[in-house]
>>> print(open('upload27.txt').read())   # compact mmCIF, C-alpha atoms
# COMPACT_ATOMS: atom_id res chain seq x y z
CA MET A 29 0.00 0.00 0.00
CA ASN A 30 2.82 2.29 0.89
CA ASN A 31 4.62 1.28 -2.23
CA THR A 32 1.66 2.27 -4.37
CA HIS A 33 1.30 5.62 -2.68
CA SER A 34 4.99 6.32 -3.09
CA LEU A 35 4.81 5.29 -6.76
CA ILE A 36 1.92 7.73 -7.40
CA THR A 37 3.68 10.48 -5.55
CA THR A 38 6.82 9.92 -7.59
CA PHE A 39 4.84 9.88 -10.84
CA PHE A 40 2.96 13.12 -10.25
CA SER A 41 5.95 14.90 -8.99
CA SER A 42 7.57 14.68 -12.50
CA PRO A 43 7.38 18.05 -14.55
CA PHE A 44 6.95 16.23 -17.86
CA VAL A 45 3.86 14.45 -16.59
CA MET A 46 2.47 17.66 -15.25
CA MET A 47 2.89 19.27 -18.66
CA LEU A 48 1.16 16.41 -20.37
CA LEU A 49 -1.79 16.67 -18.00
CA ALA A 50 -2.07 20.40 -18.72
CA VAL A 51 -2.15 19.81 -22.48
CA PHE A 52 -4.77 17.12 -22.05
CA LEU A 53 -6.98 19.43 -19.99
CA PHE A 54 -6.61 22.19 -22.56
CA LEU A 55 -7.65 19.84 -25.36
CA VAL A 56 -10.75 18.69 -23.46
CA ILE A 57 -11.85 22.24 -22.81
CA GLY A 58 -11.28 23.18 -26.47
CA PHE A 59 -13.36 20.28 -27.61
CA PHE A 60 -16.35 21.27 -25.49
CA VAL A 61 -16.11 24.87 -26.67
CA LEU A 62 -16.06 23.75 -30.30
CA VAL A 63 -19.13 21.61 -29.82
CA ALA A 64 -21.03 24.47 -28.28
CA VAL A 65 -20.09 26.86 -31.14
CA ILE A 66 -21.25 24.39 -33.77
CA ILE A 67 -24.63 23.83 -32.10
CA ARG A 68 -25.20 27.52 -31.83
CA LEU A 69 -24.19 28.22 -35.44
CA SER A 70 -26.57 25.64 -36.89
CA THR A 71 -29.50 27.05 -34.87
CA GLN A 72 -28.81 30.54 -36.13
CA LEU A 73 -28.53 29.45 -39.78
CA ARG A 74 -31.92 27.88 -39.64
CA TYR A 75 -33.39 30.96 -38.31
CA ILE A 76 -31.62 33.13 -40.88
CA THR A 77 -32.63 31.10 -44.04
CA TYR A 78 -36.29 30.53 -43.24
CA PRO A 79 -37.81 33.97 -44.34
CA VAL A 80 -36.07 33.90 -47.82
CA TYR A 81 -37.46 30.52 -48.60
CA ASP A 82 -40.93 31.50 -47.57
CA ARG A 83 -40.85 34.59 -49.72
CA VAL A 84 -39.71 32.74 -52.80
CA ILE A 85 -42.54 30.25 -52.47
CA LYS A 86 -45.10 32.97 -52.05
CA GLU A 87 -43.92 34.78 -55.18
CA ALA A 88 -44.06 31.58 -57.17
CA GLN A 89 -47.58 30.95 -55.95
CA SER A 90 -48.79 34.40 -56.97
CA LYS A 91 -47.20 34.05 -60.43
CA ALA A 92 -48.84 30.72 -60.90
CA ASN A 93 -52.18 32.11 -59.89
CA GLU A 94 -51.83 34.93 -62.43
CA ILE A 95 -50.95 32.47 -65.19
CA ILE A 96 -53.90 30.28 -64.31
CA ASN A 97 -56.25 33.19 -64.32
CA ASP A 98 -55.00 34.36 -67.72
CA ALA A 99 -55.37 30.86 -69.09
CA GLN A 100 -58.88 30.59 -67.79
CA VAL A 101 -59.87 33.91 -69.41
CA GLN A 102 -58.31 32.86 -72.71
CA SER A 103 -59.96 29.47 -72.61
CA ARG A 104 -63.32 30.99 -72.02
CA SER A 105 -62.95 33.30 -75.00
CA ILE A 106 -61.75 30.40 -77.19
CA LEU A 107 -64.63 28.30 -76.03
CA SER A 108 -67.17 30.94 -76.83
CA THR A 109 -65.62 31.54 -80.24
CA ALA A 110 -65.64 27.83 -80.94
CA GLN A 111 -69.25 27.53 -79.91
CA GLU A 112 -70.22 30.33 -82.23
CA SER A 113 -68.33 28.72 -85.12
CA ALA A 114 -69.85 25.37 -84.42
CA GLU A 115 -73.34 26.69 -84.33
CA LYS A 116 -72.72 28.47 -87.61
CA ILE A 117 -71.32 25.35 -89.24
CA ILE A 118 -74.16 23.19 -87.94
CA SER A 119 -76.78 25.51 -89.31
CA GLU A 120 -75.01 25.53 -92.70
CA ARG A 121 -74.85 21.75 -92.73
CA LYS A 122 -78.51 21.51 -91.87
CA GLU A 123 -79.41 23.63 -94.83
CA GLU A 124 -77.20 21.58 -97.14
CA ASN A 125 -78.73 18.41 -95.86
CA GLU A 126 -82.22 19.65 -96.40
CA LYS A 127 -81.35 20.62 -99.95
CA PHE A 128 -79.74 17.26 -100.61
CA ARG A 129 -82.70 15.38 -99.19
CA GLU A 130 -85.12 17.31 -101.41
CA GLU A 131 -82.98 16.63 -104.49
CA TYR A 132 -82.63 12.99 -103.58
CA THR A 133 -86.40 12.57 -103.14
CA LYS A 134 -86.97 14.19 -106.42
CA HIS A 135 -84.46 12.00 -108.22
CA PHE A 136 -85.85 8.92 -106.53
CA ASP A 137 -89.36 9.74 -107.68
CA GLU A 138 -88.08 10.23 -111.18
CA ILE A 139 -86.26 6.88 -111.09
CA ILE A 140 -89.37 5.11 -109.81
CA ALA A 141 -91.46 6.66 -112.54
CA ASN A 142 -88.94 5.63 -115.21
CA GLY A 143 -88.73 2.12 -113.74
CA LYS A 144 -92.46 1.74 -113.89
CA ASP A 145 -92.47 2.77 -117.53
CA ILE A 146 -89.64 0.37 -118.34
CA LEU A 147 -91.31 -2.47 -116.47
CA SER A 148 -94.65 -1.92 -118.21
CA ASN A 149 -92.88 -1.81 -121.58
CA GLN A 150 -90.90 -4.94 -120.77
CA SER A 151 -93.97 -6.84 -119.59
CA THR A 152 -95.73 -5.95 -122.82
CA GLU A 153 -92.69 -7.13 -124.81
CA LEU A 154 -92.42 -10.30 -122.70
CA SER A 155 -96.05 -11.21 -123.21
CA GLY A 156 -95.56 -10.76 -126.97
CA LEU A 157 -92.43 -12.89 -126.88
CA SER A 158 -94.03 -15.63 -124.85
CA GLN A 159 -96.94 -15.75 -127.23
CA ASN A 160 -94.50 -16.12 -130.12
CA MET A 161 -92.63 -18.83 -128.23
CA ILE A 162 -95.86 -20.72 -127.55
CA ASN A 163 -96.76 -20.50 -131.20
CA GLU A 164 -93.28 -21.73 -132.18
CA PHE A 165 -93.43 -24.53 -129.64
CA LYS A 166 -96.81 -25.63 -130.97
CA LYS A 167 -95.42 -25.69 -134.46
CA HIS A 168 -92.40 -27.69 -133.26
CA VAL A 169 -94.63 -30.13 -131.42
CA LEU A 170 -96.71 -30.67 -134.52
CA THR A 171 -93.59 -31.25 -136.61
CA THR A 172 -92.19 -33.65 -133.99
CA GLU A 173 -95.45 -35.57 -133.89
CA VAL A 174 -95.34 -35.98 -137.63
CA LEU A 175 -91.70 -37.09 -137.46
CA ILE A 176 -92.38 -39.53 -134.63
CA GLN A 177 -95.26 -41.02 -136.55
CA LYS A 178 -93.05 -41.39 -139.61
CA GLU A 179 -90.25 -42.96 -137.47
CA SER A 180 -92.75 -45.28 -135.85
CA GLU A 181 -94.01 -46.43 -139.21
CA LEU A 182 -90.43 -46.92 -140.39
CA VAL A 183 -89.48 -48.88 -137.27
CA SER A 184 -92.52 -51.13 -137.49
CA LYS A 185 -91.74 -51.73 -141.14
CA THR A 186 -88.10 -52.53 -140.38
CA LEU A 187 -89.11 -54.78 -137.51
CA SER A 188 -91.47 -56.76 -139.69
CA GLU A 189 -88.74 -57.09 -142.32
CA GLU A 190 -86.17 -58.18 -139.68
CA SER A 191 -88.68 -60.62 -138.25
CA ASP A 192 -89.22 -62.16 -141.68
CA GLN A 193 -85.46 -62.36 -142.19
CA LEU A 194 -84.97 -63.97 -138.75
CA LYS A 195 -87.67 -66.50 -139.55
CA HIS A 196 -85.86 -67.37 -142.76
CA THR A 197 -82.54 -67.58 -140.91
CA PHE A 198 -83.95 -69.80 -138.17
CA THR A 199 -85.51 -72.05 -140.77
CA ASP A 200 -82.18 -72.31 -142.61
CA MET A 201 -80.31 -72.93 -139.33
CA SER A 202 -82.76 -75.61 -138.30
CA THR A 203 -82.38 -77.33 -141.65
CA LYS A 204 -78.59 -77.08 -141.44
CA ALA A 205 -78.57 -78.29 -137.82
CA GLN A 206 -80.61 -81.32 -138.76
CA GLU A 207 -78.24 -82.03 -141.61
CA GLY A 208 -75.21 -81.49 -139.32
CA GLN A 209 -76.70 -83.71 -136.66
CA SER A 210 -77.20 -86.56 -139.07
CA VAL A 211 -73.62 -86.11 -140.38
CA LEU A 212 -72.32 -85.95 -136.79
CA ILE A 213 -74.18 -89.11 -135.88
CA GLU A 214 -72.69 -90.86 -138.87
CA GLU A 215 -69.19 -89.64 -138.04
CA THR A 216 -69.58 -90.59 -134.37
CA LYS A 217 -70.74 -94.06 -135.37
CA LYS A 218 -67.74 -94.37 -137.63
CA LEU A 219 -65.33 -93.11 -134.95
CA VAL A 220 -66.79 -95.38 -132.29
CA SER A 221 -66.55 -98.41 -134.52
CA GLU A 222 -62.95 -97.47 -135.41
CA GLU A 223 -62.07 -96.94 -131.74
CA ILE A 224 -63.63 -100.26 -130.81
CA ALA A 225 -61.68 -101.98 -133.55
CA LYS A 226 -58.50 -100.27 -132.34
CA GLU A 227 -59.17 -101.24 -128.72
CA ILE A 228 -59.77 -104.83 -129.75
CA SER A 229 -56.57 -104.81 -131.76
CA MET A 230 -54.65 -103.34 -128.81
CA ALA A 231 -56.17 -105.89 -126.47
CA HIS A 232 -55.03 -108.61 -128.82
CA GLU A 233 -51.55 -107.13 -128.87
CA VAL A 234 -51.44 -106.85 -125.08
CA ILE A 235 -52.60 -110.44 -124.75
CA ALA A 236 -50.00 -111.55 -127.28
CA THR A 237 -47.25 -109.61 -125.47
CA TYR A 238 -48.37 -110.94 -122.11
CA LYS A 239 -48.42 -114.45 -123.50
CA LYS A 240 -44.98 -113.98 -125.00
CA GLU A 241 -43.56 -112.55 -121.77
CA ARG A 242 -45.13 -115.24 -119.66
CA LEU A 243 -43.74 -117.88 -121.97
CA ALA A 244 -40.33 -116.21 -121.86
CA LEU A 245 -40.55 -116.16 -118.07
CA LEU A 246 -41.44 -119.81 -118.08
CA ASP A 247 -38.54 -120.50 -120.40
CA ARG A 248 -36.21 -118.61 -118.09
CA GLU A 249 -37.49 -120.54 -115.10
CA VAL A 250 -37.03 -123.81 -116.95
CA VAL A 251 -33.53 -122.78 -117.99
CA GLY A 252 -32.79 -121.76 -114.41
CA LEU A 253 -33.96 -125.14 -113.23
CA ILE A 254 -31.80 -126.86 -115.80
CA GLU A 255 -28.81 -124.73 -114.78
CA GLU A 256 -29.32 -125.42 -111.10
CA THR A 257 -29.63 -129.12 -111.80
CA ALA A 258 -26.46 -128.95 -113.86
CA ARG A 259 -24.62 -127.12 -111.09
CA ILE A 260 -25.61 -129.69 -108.49
CA ALA A 261 -24.81 -132.56 -110.82
CA LEU A 262 -21.43 -131.11 -111.89
CA ASN A 263 -20.40 -130.21 -108.37
CA LYS A 264 -21.13 -133.67 -107.11
CA THR A 265 -19.83 -135.65 -110.01
CA PHE A 266 -16.53 -133.88 -110.83
CA SER A 267 -13.34 -135.16 -109.19
CA LEU A 268 -10.51 -132.83 -108.13
CA ARG A 269 -8.51 -133.77 -111.18
CA GLU A 270 -11.52 -133.09 -113.45
CA HIS A 271 -12.00 -129.73 -111.75
CA ARG A 272 -8.32 -128.95 -112.30
CA ASP A 273 -8.66 -129.98 -115.96
CA GLN A 274 -11.74 -127.72 -116.31
CA VAL A 275 -9.75 -124.83 -114.81
CA LEU A 276 -7.03 -125.43 -117.38
CA VAL A 277 -9.66 -125.69 -120.15
CA ALA A 278 -11.13 -122.36 -119.03
CA LEU A 279 -7.68 -120.73 -118.95
CA ASP A 280 -6.95 -122.17 -122.41
CA GLU A 281 -10.19 -120.66 -123.69
CA ALA A 282 -9.26 -117.32 -122.15
CA LYS A 283 -5.88 -117.58 -123.85
CA LYS A 284 -7.61 -118.25 -127.19
CA GLU A 285 -9.82 -115.22 -126.66
CA GLY A 286 -6.64 -113.16 -126.21
CA VAL A 287 -7.35 -112.20 -122.59
CA PHE A 288 -3.67 -112.51 -121.61
CA ASP A 289 -2.44 -110.55 -124.60
CA LYS A 290 -4.10 -107.34 -123.51
CA MET C 4 15.25 -114.79 -116.47
CA ASN C 5 18.17 -114.31 -114.02
CA ASN C 6 19.42 -116.78 -111.39
CA SER C 7 18.56 -114.82 -108.25
CA PRO C 8 17.51 -116.66 -105.04
CA LEU C 9 13.88 -115.65 -105.75
CA THR C 10 14.05 -117.06 -109.28
CA GLN C 11 15.54 -120.26 -107.98
CA LEU C 12 12.81 -120.59 -105.36
CA MET C 13 10.13 -119.87 -107.99
CA ARG C 14 11.14 -123.17 -109.68
CA TYR C 15 9.54 -124.95 -106.73
CA THR C 16 6.82 -122.44 -105.84
CA TYR C 17 3.88 -121.25 -107.94
CA VAL C 18 1.46 -119.79 -105.39
CA ARG C 19 2.19 -116.39 -103.87
CA SER C 20 1.08 -117.33 -100.35
CA ASP C 21 3.31 -120.44 -100.49
CA MET C 22 6.24 -118.23 -101.49
CA VAL C 23 5.65 -115.90 -98.55
CA TYR C 24 5.47 -118.89 -96.22
CA ARG C 25 8.63 -120.44 -97.60
CA ILE C 26 10.64 -117.22 -97.29
CA SER C 27 9.52 -117.08 -93.67
CA LEU C 28 10.49 -120.75 -93.22
CA LEU C 29 13.95 -120.07 -94.67
CA ASN C 30 14.36 -117.16 -92.26
CA GLU C 31 13.52 -119.48 -89.35
CA PHE C 32 15.82 -122.18 -90.70
CA PHE C 33 18.82 -119.86 -91.14
CA ASP C 34 18.23 -118.40 -87.70
CA PHE C 35 18.51 -121.96 -86.42
CA VAL C 36 21.61 -122.64 -88.51
CA PHE C 37 23.59 -119.52 -87.68
CA PHE C 38 22.51 -118.72 -84.17
CA THR C 39 22.30 -122.06 -82.33
CA ASP C 40 25.01 -124.36 -80.98
CA HIS C 41 25.99 -126.59 -83.90
CA ASP C 42 27.78 -126.37 -87.27
CA SER C 43 27.04 -123.06 -88.99
CA VAL C 44 26.51 -124.70 -92.38
CA ALA C 45 23.16 -125.29 -94.11
CA ASN C 46 23.17 -128.93 -95.23
CA LYS C 47 21.02 -132.03 -94.89
CA ASP C 48 22.26 -132.62 -91.33
CA THR C 49 21.22 -129.19 -90.13
CA VAL C 50 17.88 -129.66 -91.91
CA ARG C 51 17.45 -132.86 -89.97
CA GLN C 52 18.38 -131.11 -86.71
CA PHE C 53 15.95 -128.31 -87.56
CA ALA C 54 13.22 -130.88 -88.23
CA GLY C 55 13.87 -132.35 -84.79
CA ASN C 56 12.95 -129.03 -83.19
CA ARG C 57 9.62 -128.68 -85.03
CA LYS C 58 6.36 -130.23 -83.90
CA GLU C 59 5.07 -130.96 -87.40
CA PRO C 60 8.05 -131.12 -89.77
CA GLY C 61 6.23 -132.80 -92.73
CA LYS C 62 6.19 -130.94 -96.02
CA ASP C 63 8.27 -128.02 -94.76
CA ILE C 64 11.26 -130.30 -94.21
CA ASP C 65 10.67 -132.03 -97.54
CA PHE C 66 10.82 -128.63 -99.16
CA LEU C 67 14.05 -127.69 -97.38
CA LYS C 68 15.56 -131.04 -98.33
CA SER C 69 14.62 -130.48 -101.97
CA LEU C 70 16.60 -127.25 -102.17
CA PRO C 71 19.97 -127.71 -103.92
CA LYS C 72 23.28 -127.12 -102.17
CA THR C 73 24.09 -124.17 -104.45
CA PHE C 74 20.93 -122.41 -103.27
CA MET C 75 21.79 -122.93 -99.59
CA GLU C 76 25.33 -121.60 -100.12
CA ILE C 77 23.96 -118.19 -101.12
CA PHE C 78 22.90 -117.51 -97.53
CA THR C 79 25.60 -116.61 -94.91
CA ARG C 80 25.33 -115.55 -91.29
CA ASP C 81 25.83 -111.90 -92.32
CA SER C 82 23.80 -111.80 -95.51
CA PHE C 83 20.78 -114.10 -95.12
CA ARG C 84 18.42 -111.48 -93.68
CA THR C 85 19.21 -109.02 -96.49
CA VAL C 86 18.81 -111.73 -99.14
CA LEU C 87 15.47 -112.84 -97.72
CA ARG C 88 14.24 -109.21 -97.53
CA ASP C 89 15.28 -108.71 -101.17
CA MET C 90 13.33 -111.85 -102.05
CA SER C 91 10.21 -110.47 -100.32
CA ASP C 92 10.61 -107.17 -102.14
CA GLY C 93 11.12 -108.96 -105.47
CA LEU C 94 7.98 -111.01 -104.88
CA GLN C 95 5.93 -107.80 -104.68
CA GLN C 96 7.06 -106.88 -108.20
CA LEU C 97 5.98 -110.13 -109.88
CA PRO C 98 2.79 -110.31 -112.01
CA ILE C 99 -0.10 -112.04 -110.21
CA LEU C 100 -2.88 -114.17 -111.69
CA SER C 101 -5.70 -114.07 -109.08
CA LEU C 102 -7.58 -117.30 -109.62
CA THR C 103 -10.96 -118.28 -108.08
CA VAL C 104 -11.70 -121.99 -108.33
CA PRO C 105 -14.68 -124.11 -107.18
CA VAL C 106 -12.70 -126.46 -104.91
CA ALA C 107 -9.47 -126.38 -102.90
CA PHE C 108 -6.69 -128.04 -104.88
CA PRO C 109 -3.77 -130.01 -103.45
CA LEU C 110 -0.23 -128.81 -104.12
CA GLU C 111 0.26 -131.02 -107.19
CA HIS C 112 -2.75 -129.48 -108.95
CA THR C 113 -1.80 -125.90 -108.12
CA GLU C 114 1.69 -126.68 -109.44
CA ALA C 115 0.12 -127.99 -112.65
CA ILE C 116 -1.90 -124.80 -113.07
CA GLY C 117 1.18 -122.71 -112.18
CA LYS C 118 3.31 -124.49 -114.75
CA TRP C 119 0.63 -123.93 -117.38
CA ALA C 120 0.44 -120.22 -116.47
CA ARG C 121 4.23 -119.75 -116.66
CA ALA C 122 4.42 -121.64 -119.94
CA THR C 123 1.41 -119.84 -121.48
CA ILE C 124 1.09 -116.39 -119.93
CA THR C 125 4.51 -115.25 -118.64
CA PRO C 126 7.47 -117.14 -117.02
CA ASP C 127 7.52 -115.09 -113.78
CA VAL C 128 3.78 -115.15 -113.03
CA MET C 129 2.65 -116.13 -109.53
CA LEU C 130 -0.77 -117.53 -108.66
CA ASP C 131 -3.05 -116.15 -105.98
CA ILE C 132 -5.69 -118.85 -105.46
CA SER C 133 -9.02 -118.53 -103.62
CA VAL C 134 -11.99 -120.90 -103.43
CA ASP C 135 -15.65 -120.05 -104.21
CA GLU C 136 -18.22 -122.84 -104.56
CA THR C 137 -20.52 -120.74 -106.77
CA VAL C 138 -17.96 -121.00 -109.54
CA TYR C 139 -19.11 -124.71 -109.86
CA ILE C 140 -16.83 -125.40 -112.80
CA GLY C 141 -13.95 -123.69 -114.57
CA CYS C 142 -12.67 -120.53 -112.91
CA ARG C 143 -12.86 -116.78 -112.54
CA PHE C 144 -9.66 -114.80 -112.63
CA VAL C 145 -8.29 -111.27 -112.46
CA TRP C 146 -5.55 -110.32 -114.86
CA LYS C 147 -4.14 -106.81 -114.98
CA ASN C 148 -6.99 -105.52 -112.81
CA ILE C 149 -9.74 -106.88 -115.12
CA MET C 150 -11.98 -109.74 -114.00
CA HIS C 151 -12.79 -112.54 -116.46
CA ASP C 152 -15.51 -115.09 -115.79
CA PHE C 153 -14.98 -118.57 -117.21
CA SER C 154 -17.12 -120.29 -114.61
CA ILE C 155 -20.33 -122.25 -115.22
CA GLU C 156 -22.18 -118.95 -115.84
CA HIS C 157 -19.94 -118.38 -118.84
CA TYR C 158 -20.84 -121.78 -120.29
CA PHE C 159 -24.55 -121.29 -119.57
CA ASP C 160 -24.43 -117.95 -121.38
CA LEU C 161 -22.66 -119.61 -124.28
CA HIS C 162 -25.33 -122.29 -124.63
CA LYS C 163 -28.42 -120.34 -123.52
CA ASP C 164 -29.69 -119.83 -127.07
CA ASP C 165 -29.49 -123.55 -127.68
CA LEU C 166 -31.50 -124.16 -124.54
CA TYR C 167 -34.21 -121.69 -125.54
CA THR C 168 -34.35 -123.16 -129.03
CA LEU C 169 -34.79 -126.55 -127.48
CA LEU C 170 -37.57 -125.28 -125.22
CA SER C 171 -39.44 -123.42 -127.96
CA SER C 172 -39.38 -126.40 -130.37
CA PRO C 173 -42.68 -128.38 -130.42
CA ILE C 174 -42.80 -131.36 -128.12
CA PRO C 175 -43.14 -134.55 -130.12
CA ILE C 176 -46.39 -136.33 -129.27
CA SER C 177 -45.81 -139.86 -128.29
CA THR C 178 -47.76 -142.42 -130.26
CA HIS C 179 -47.47 -144.89 -127.45
CA VAL C 180 -50.39 -145.17 -125.07
>>> encode(input="upload27.txt", output="structure tokens")
Amino acid sequence: MNNTHSLITTFFSSPFVMMLLAVFLFLVIGFFVLVAVIIRLSTQLRYITYPVYDRVIKEAQSKANEIINDAQVQSRSILSTAQESAEKIISERKEENEKFREEYTKHFDEIIANGKDILSNQSTELSGLSQNMINEFKKHVLTTEVLIQKESELVSKTLSEESDQLKHTFTDMSTKAQEGQSVLIEETKKLVSEEIAKEISMAHEVIATYKKERLALLDREVVGLIEETARIALNKTFSLREHRDQVLVALDEAKKEGVFDK
Amino acid sequence: MNNSPLTQLMRYTYVRSDMVYRISLLNEFFDFVFFTDHDSVANKDTVRQFAGNRKEPGKDIDFLKSLPKTFMEIFTRDSFRTVLRDMSDGLQQLPILSLTVPVAFPLEHTEAIGKWARATITPDVMLDISVDETVYIGCRFVWKNIMHDFSIEHYFDLHKDDLYTLLSSPIPISTHV
């Protein structure tokens, strides 16, 4: 505790520290003074600028009011002028319209009158024309009737002629058919008899061939039997020496046939 | 025809299978002569000794006995295998008449046929004989790869027309009752 007290005493007893403390105090005081000056200055500025601003606004408002008033006066005069002009124009147009309507009615009446005349003329002409057409048609009908009657007579005449011709043709055909039939019957009879003769001849040939083949077969069987008998007989009857001799005979025959010369 | 061992043996052998067998028999005989304990000379005594070692000497010994001394002298201890091999090779080159006969012939008959073949066809021909009962008579043979049939069928074919003529001729009616 004593040490601390002595340390503080020593510290504050130094001149440099004392000078530093004085500067610090001076700076703090200066700061507070500066703050106070600023606050005061800003309050005064507000109070100083306010009347100028208000005056400028008021002047602007009065000028605007004057301009509006002038514009309203001018607009009223323009409006009245325009109304007068419009009324004048409308009255002029009404007159023109009335004139046009009268002229139109008049022209329309004239057109209707002309149309009526044209229609009455045309109806008169049409009735005349239709009468002529009826007369022409009647004439044409009469002519056609005459023509049809003539054609009918011609057709009936032609038909009767064709009918006669057909009758003749059918009669001829019938006669020819009868003739052809009799010829056909004769030819058929001839063909059938020829075919029968041919069939009989063929049957004879087949029988002859069959007989020949059967006989040949029999011959072969008989020959086979003979050969088999010969084989058995030869095999049983030949001695070894005779077999050897037959081998030599066979080889001799082969030699004669030139088998060994090839 | 030269005088080679094969040619000499062909004088006694006509069938190819017999020749093969005899070359094999000679090989056995000379093995006995040169490689067993007795005189190394092929003569009638050694043939007799060889016959004593065989169960069925028979025709084989007869054949060996029939061989002349000059033939036996060709074979020595050093050369007999080569000579026998040359004989086998030479046999393959000989022309063969393959004969099919109806019955099995004994040696004497095959020799007769062989002699005929060598006298008629060619001197160095060998027979190759087989048996087929359907031949019945005569023979069939193959010569130069072509078969020729001179069996009973050949004779039937030759006389078939005669048989048919005989069959087709009218049968005489017997007057005997």
>>> closest_residue(input="upload27.txt", among="A:Lys283, A:Leu246, A:Glu214, A:Gln274", to="Ser171 of chain C", atoms="only C-alpha atoms")
A:Leu246
>>> atom_distance(input="upload27.txt", atom1="atom CA of Ile176 of chain A", atom2="atom CA of Glu164 of chain A")
18.0 Å
>>> interface_residues(input="upload27.txt", of="chain A", to="chain C", cutoff="10 Å", atoms="only C-alpha atoms", output="PyMOL selection string")
chain A and resi 243-244+246-248+250-252+254-255+258-264+266-283+287-290
>>> atom_distance(input="upload27.txt", atom1="atom CA of Arg80 of chain C", atom2="atom CA of Leu29 of chain C")
12.7 Å
>>> residues_near_point(input="upload27.txt", point="(16.5, -109.1, -100.2)", cutoff="12 Å", atoms="only C-alpha atoms", output="list in words")
Ser7, Pro8, Leu9, Ile26, Asn30, Ile77, Phe78, Ser82, Phe83, Arg84, Thr85, Val86, Leu87, Arg88, Asp89, Met90, Ser91, Asp92, Gly93, Leu94 and Gln95 of chain C
>>> closest_residue(input="upload27.txt", among="C:Leu130, C:Ala122, C:Met75, C:Leu100", to="Met22 of chain C", atoms="all atoms listed in the file")
C:Leu130
>>> closest_residue(input="upload27.txt", among="C:Thr39, C:Ala45, C:Arg19, C:Asn148", to="Pro71 of chain C", atoms="all atoms listed in the file")
C:Ala45
>>> atom_distance(input="upload27.txt", atom1="atom CA of Glu173 of chain A", atom2="atom CA of Met161 of chain A")
17.9 Å
>>> residues_around(input="upload27.txt", residues="Leu67 of chain C", least_positions_apart="5", cutoff="9 Å", atoms="all atoms listed in the file", output="ChimeraX atom specification")
/C:28-29,32,47,50,62
>>> decode(input="upload27.txt", residues="segment 48-62 of chain C", atoms="C-alpha atoms", output="PDB file, in the first residue's frame")
ATOM      1  CA  ASP C  48      22.260-132.617 -91.325  1.00  0.00           C
ATOM      2  CA  THR C  49      21.224-129.193 -90.134  1.00  0.00           C
ATOM      3  CA  VAL C  50      17.879-129.660 -91.910  1.00  0.00           C
ATOM      4  CA  ARG C  51      17.447-132.863 -89.975  1.00  0.00           C
ATOM      5  CA  GLN C  52      18.376-131.106 -86.706  1.00  0.00           C
ATOM      6  CA  PHE C  53      15.952-128.308 -87.561  1.00  0.00           C
ATOM      7  CA  ALA C  54      13.219-130.884 -88.226  1.00  0.00           C
ATOM      8  CA  GLY C  55      13.872-132.350 -84.791  1.00  0.00           C
ATOM      9  CA  ASN C  56      12.947-129.025 -83.188  1.00  0.00           C
ATOM     10  CA  ARG C  57       9.619-128.676 -85.034  1.00  0.00           C
ATOM     11  CA  LYS C  58       6.356-130.232 -83.897  1.00  0.00           C
ATOM     12  CA  GLU C  59       5.070-130.960 -87.401  1.00  0.00           C
ATOM     13  CA  PRO C  60       8.045-131.119 -89.766  1.00  0.00           C
ATOM     14  CA  GLY C  61       6.234-132.796 -92.727  1.00  0.00           C
ATOM     15  CA  LYS C  62       6.187-130.938 -96.020  1.00  0.00           C
TER      16      LYS C  62
END
